[in-house]
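*Asks:* Next up is a structure, given as structure tokens.
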Amino acid sequence: MTAVQTTTPKSAGTTPTKSASNNSAAAAKQQPAQPHASSRKHEEFKNQLVHDVFGRDNKGRVPMEKVTMLIWQFRDDPAVVQFMAQFVARFSGSRSTYDGIEFYLPQIAHMIIHLEADWDEAILERFALVIAQQSQHFALQLTWILEGAIEDYQPETVEGKRNPGYNQLFYHRCITLLSNIERCVVYGSPRSMELQRMYEKGDITRDEYEQMKMVDRFNNAKQITTHGANFRNLMQRMKETKISMPDLKKKGKEKENGTAATAPTSAPSDPGSPTAVTTIVNEKKQISKYGGTLLYKRRSRTSFYKQKRWKRRYFEIEERMLYCYNVQPKRGGKLRRAMPLEGATVEVFEGKYPFMFVVKNHHFEYIIRAKGENDMKLWIRLLRGESEANALIPHMLSTDEIFQEKNGKGEDETKRASPNKLTPSQAARFEFFRNERDFVAAVCDVAEVLRFREPSDRKKVAPGLVSDIKFPPCGYVPLCKSTDIWRRVDSVMASETRVFNTNERCPMIYYFIAKRGEPVGSTLEPRNLNLDVAEYLHTLFKVPDLENRRLTSIGEHADELQLGESGDDSDDKDKGEVKVEDQDEGYDEFELTMEDPTEHRNSVWSEDSKSSKSFLSASMKGMKGNQQLREFMQESIAKLPTKIATRITSTDGRRQGKKGRKSYLDRNSGPLLNVPIIDTPIVESSHDDDSAADSLSLDGQSIISAGTGSIVFGDTIKKFEHHDGINKESLDRAKAVVCGGESWAEQSARMLQSVKKEGEDQDEATLHEIVTMMAKSNDDLRQEVFVMQMIHYFESVFAKANIPVWLKTYRILSTSKSTGMLEFLTDATSIDSLYKSDKFPKVGGLRAYFEQVYGSSTSKCFLAAQRNFIRSLAGYSLVAYLLGLKDRHNGNIMIDTRGHIIHIDFGFAFGMAPGHEWSMERAPFKLTKDYIDVMGGPNSEGFKEFQKLFVDGLKAARSNSLNALGLVEIMMYKSNYPCFSGTRYGGGVSLKRFEKRLLLDVPDDKVEIKARKLIKKSIDHKGTKLYDVFQFYSNGYAY
């Protein structure tokens, strides 16, 4: 194969620690190493770190659970974090690796916001931007996390009140990253299509193409974080001088010789006079900050717009933000308001007073009065420039232009051409990113609007509000992963919309008509009905604008890539091996050779989509057989700062940490275990007719579904649904009680048939299906997102240990601090609704219901449903105990048509309970007499199976506790989650309780005894019964 040599520009912000490490490494090469105890321990540590990442149990996959924990463990060492981030980014072309990155995105985002504020280099931010260039879905998910954090830390709430949680550092961090993500999406990887053409022509090999594409992404992310609209970064790199506006009239007095203008010795006499900060860029003076005193009114959104009175405030434009102070900051002013200018609209406002203009974004709207016409034009020009600034070149206005504007000689703003015009492909990406966010916001806003309507009117007006939602050309329901099947939302069944009336909220159920298999890219390419989200968006928006461009070097300061001559004799022997070329000192990246799957050369993924085998597996067949990789890892880790060796040689080694930052991982030396996150199983098809058993296909592709429901393909309707050992007759009886006599597969088929009858133009090669989801407002779902992540983690732990418990993990997406989406659970109802059904047995409880629906206690269907119940009860008993889930009334526990129970609504978790210390829920988990009767009684084989599953599950969770505790510890750090904050649950209290529930202080031979005591304590607990009674009389939930 051809050797590819790449160089990475050295950052100007390289930490002294890292430089010292490189110097010490260079010195070590010049003289033989002296044997020393600390060096031996350092070598042992390196071996352990390599083993943690490339252990035998990884089976060729990148263990994101270990990487996340190592980043957290060495969070005070940017060099370690940088190494791990670069390592993961190198293998992000693998679907399994990308799934892992998205699964641990809450932890990665939390560390980006709260850890990197004091770092010299935005390591994790650049990592996120590299990954965002690969999938726009990932970029959207991170965007919604940041928008929630912005609401946490912004100066004022959406209602216009002072925010007690305001944090300027974290707020600025989120705003900057939010802008940088959009820039990455819009501008993409600058040379991706050029490299693609070179590969297709045979100028470079597949291996060279992958390596160069990743370096391109790295440098693009670095360029954006360094040269984006972050003026502080720019000012740190250049000499700057502060001048006052009156000095701008002294044009020509400074020599344009590359030196900065002289700063005035005194401040302006008028404290409200406009001020600017200038810096020399290409021998021209540019403005990086501008401010002045203005009159303004603020409009705030509560249930309606409420206008305020005029106030005099000092406004300042900096880094695509509009800051509002009570007085000028250098005179002791305090920040009162802040508005992100990214995408904000700035317009002249015709009203009672002259020289007015309005600035507004999604949350805020300011009406501002300037002192005069020229002053108004200047502010409008500056604000519009910041809202429309180019991604890689920040908006800068010269002092000459300021002078012309102040004297009325500037261009007419309405006639000025935008200097930041996007190319067609950039505009397409920009429109998609904005439209998708607007679409999701509109879906959630309907629930917010209905919240202020009378409960009796909500169901009447809901269909009309739903019909008014504007659907983007390329919109989708983002309750998925980048590797899930793409479904474009085409329309909505407005008449089918369901509304739930509660005291504080108005959740809604939407039914969208989605399409799969639509033509994308070249019309000559075969359609792919199973194209995933990242693949679809990559194919749709990959059209380049390169007609008049030449191939340039990667990165602004990068050296050109040097390509060697291709050789034909190295392809076979080099497959599956890692080639490490000589690099400049300090280079800590690597390349990995791969096979050349030319049939997937346009894919965003590096490996064959039909193969579950990771592309790493070829080079990960064992540490002994890959000495070259091992040597490379050893050399790379040797470049880490020398303070790692210092930590190891201390008394407790890795257990020692900084005061006040001692992590659970630092205090425990146990190994990090591999926990592959299990995926959603493919749903079996229904066998209602003879033809249904035959798999549908298009051009040889099998049509699959990751969820239940029906699809329409041409004139064929195919149903996908779970059976779990239950026959059709029993399912029919169950659905009559659980879901009104119509299963989700039947309901979605009915909806699709009605669409066909309406005469909609049906493309015979396009597949139609119904996508359903729940939208909520006035509810912070971020804690629920984390709890569901933990349930998914423990589900994977149990699966790895071959413990057959059952858990339903469903998608939850928090789109802001008060809105979100949830996957709607089909073919299920709450225990409360089941008890209230007129078809539920009058006597006998759940046991009588099971016998009524599934047959006698000895029948095959009854035993299958009983097994489903036992396994799901064991699974949810485990997670309810481990995660401290409370508020477990019968409205928050569901049952499906196959006998599984499902817990929902995790607003009270990790020991946080209604009533707090006065809570009635004192049992380890909910285990009522009704549940035990379904299992056959306390002495039955079914109950013994439940006990065994609970004991085995608790042992497995205990063995994999290090990762679980690490996930909790990360999210608990500077957390706003109710379960981790306040005097009752903050200060590490929840983590200590979680650690105790894992029985880590119990000897191994005593764990089973302890687990059985937990079961015994939970059986028909008095507190459980009291809470059910309380919920019955307070909220009407049956028990």
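Going by the structure tokens order, chains are called A, B, ..., each with residues numbered from 1, while ligands are numbered from 1 in the order shown.
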If you run DSSP over the backbone, which residues in range 704-923 of chain A end up alpha helix (DSSP H)? Put them as a VMD selection string.

*Replies:* chain A and resid 728 to 738 744 to 757 782 to 800 831 to 836 845 to 854 860 to 882

*Asks:* If we count only C-alpha atoms, what is near range 938-952 of chain A at a cut-off of 8 Å, once residues fewer than 5 positions away on the same chain are taken out, given as a PyMOL selection string?

*Replies:* chain A and resi 803-805+867+870-871+873-875+877-878+932-933+1008+1011-1012+1015

*Asks:* Could you check how far CA of Lys836 in chain A sits from CA of Tyr849 in chain A, in Å to one decimal?

*Replies:*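 That distance, rounded to one decimal, is 12.5 Å.
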
*Asks:* Looking at only C-alpha atoms, which of A:Val675, A:Glu436, A:His722, A:Val785 is the one that sits closest to Ala799 in chain A?

*Replies:*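 With only C-alpha atoms as the atom set, the closest residue is A:Val675.
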
*Asks:* Quick one: everything within 8 Å of Tyr476 in chain A, counting only C-alpha atoms, minus sequence neighbours fewer than 4 positions away in the same chain. Send it as a ChimeraX atom specification.

*Replies:* /A:436,486-489

*Asks:* Applying 9 Å and only C-alpha atoms, which residues near Ala370 in chain A remain after dropping the ones on its own chain fewer than 2 positions away? List them as a ChimeraX atom specification.

*Replies:* /A:293-296,354-357,368,372-376,379

*Asks:* Please run DSSP on the backbone and report, as a ChimeraX atom specification, all residues within range 815-913 of chain A that come out as strand (DSSP E or B).

*Replies:* /A:819-823,828-830,893-896,901-903

*Asks:* My list of candidates is A:Gly202, A:Gly844, A:Gly464, A:Pro519. Which is closest to Val492 in chain A when distances are computed with only C-alpha atoms?

*Replies:*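 Distance minimum relative to Val492 in chain A lands on A:Gly464.
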
*Asks:* Between CA of Lys776 in chain A and CA of Thr345 in chain A, measure the distance and give it in Å to one decimal.

*Replies:*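 Going from CA of Lys776 in chain A over to CA of Thr345 in chain A covers 27.6 Å.
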
*Asks:* Within 9 Å of range 887-901 of chain A, counting only C-alpha atoms, which residues show up once you throw out same-chain ones fewer than 5 positions away? Write them as a ChimeraX atom specification, please.

*Replies:* /A:722-726,730-735,737-739,743,806-808,825-834,850,864-873,876,906-909,913-914,921,925-926,1024,1027-1028,1031-1032,1037-1039

*Asks:* Just how far from CA of Asn778 in chain A is CA of Arg320 in chain A, in Å to one decimal?

*Replies:*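 Spanning CA of Arg320 in chain A to CA of Asn778 in chain A is a straight-line distance of 28.7 Å.
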
*Asks:* Report as a PyMOL selection string all protein, DNA and RNA residues lying within 12 Å of Gly333 in chain A, evaluated on only C-alpha atoms, omitting residues in the same chain fewer than 3 positions from it.

*Replies:* chain A and resi 271-272+313-316+323-330+336-337

*Asks:* Taking N, CA and C atoms for each residue, export the selection above as a short mmCIF file (atom, residue, chain, number, x, y, z; two decimals), in the first residue's frame.

*Replies:*
```cif
data_model
loop_
_atom_site.label_atom_id
_atom_site.label_comp_id
_atom_site.auth_asym_id
_atom_site.auth_seq_id
_atom_site.Cartn_x
_atom_site.Cartn_y
_atom_site.Cartn_z
N PRO A 271 -19.96 58.77 29.67
CA PRO A 271 -19.97 57.34 29.97
C PRO A 271 -20.88 56.55 29.06
N GLY A 272 -21.80 57.18 28.38
CA GLY A 272 -22.68 56.45 27.50
C GLY A 272 -22.28 56.50 26.04
N ARG A 313 -30.29 51.49 28.80
CA ARG A 313 -29.33 50.45 29.13
C ARG A 313 -28.11 50.55 28.20
N TYR A 314 -27.01 50.00 28.66
CA TYR A 314 -25.79 49.95 27.84
C TYR A 314 -25.75 48.61 27.13
N PHE A 315 -25.74 48.64 25.80
CA PHE A 315 -25.71 47.43 24.99
C PHE A 315 -24.31 47.23 24.41
N GLU A 316 -23.93 45.96 24.28
CA GLU A 316 -22.61 45.64 23.74
C GLU A 316 -22.71 44.42 22.84
N TYR A 323 -25.26 41.86 24.54
CA TYR A 323 -25.30 41.94 26.00
C TYR A 323 -25.94 43.26 26.42
N CYS A 324 -26.72 43.21 27.50
CA CYS A 324 -27.40 44.39 28.04
C CYS A 324 -26.98 44.59 29.49
N TYR A 325 -26.33 45.73 29.78
CA TYR A 325 -25.87 46.06 31.13
C TYR A 325 -26.67 47.24 31.65
N ASN A 326 -26.72 47.38 32.98
CA ASN A 326 -27.39 48.55 33.53
C ASN A 326 -26.59 49.82 33.26
N VAL A 327 -25.24 49.72 33.35
CA VAL A 327 -24.34 50.80 32.94
C VAL A 327 -23.14 50.15 32.26
N GLN A 328 -22.24 50.97 31.75
CA GLN A 328 -21.08 50.45 31.03
C GLN A 328 -20.27 49.52 31.94
N PRO A 329 -19.83 48.36 31.44
CA PRO A 329 -19.15 47.38 32.29
C PRO A 329 -17.92 47.93 33.01
N LYS A 330 -17.13 48.76 32.34
CA LYS A 330 -15.92 49.25 32.99
C LYS A 330 -16.22 50.24 34.11
N ARG A 336 -27.61 42.35 32.64
CA ARG A 336 -29.03 42.19 32.91
C ARG A 336 -29.70 41.25 31.91
N ARG A 337 -29.30 41.34 30.66
CA ARG A 337 -29.90 40.54 29.61
C ARG A 337 -28.81 40.04 28.68
#
```

*Asks:* Set the distance at 10 Å and use only C-alpha atoms: which residues neighbour Glu535 in chain A once local chain neighbours fewer than 6 positions away are removed? I'd like the list as number ranges by chain.

*Replies:* A: 134-135, 482-486, 602-605
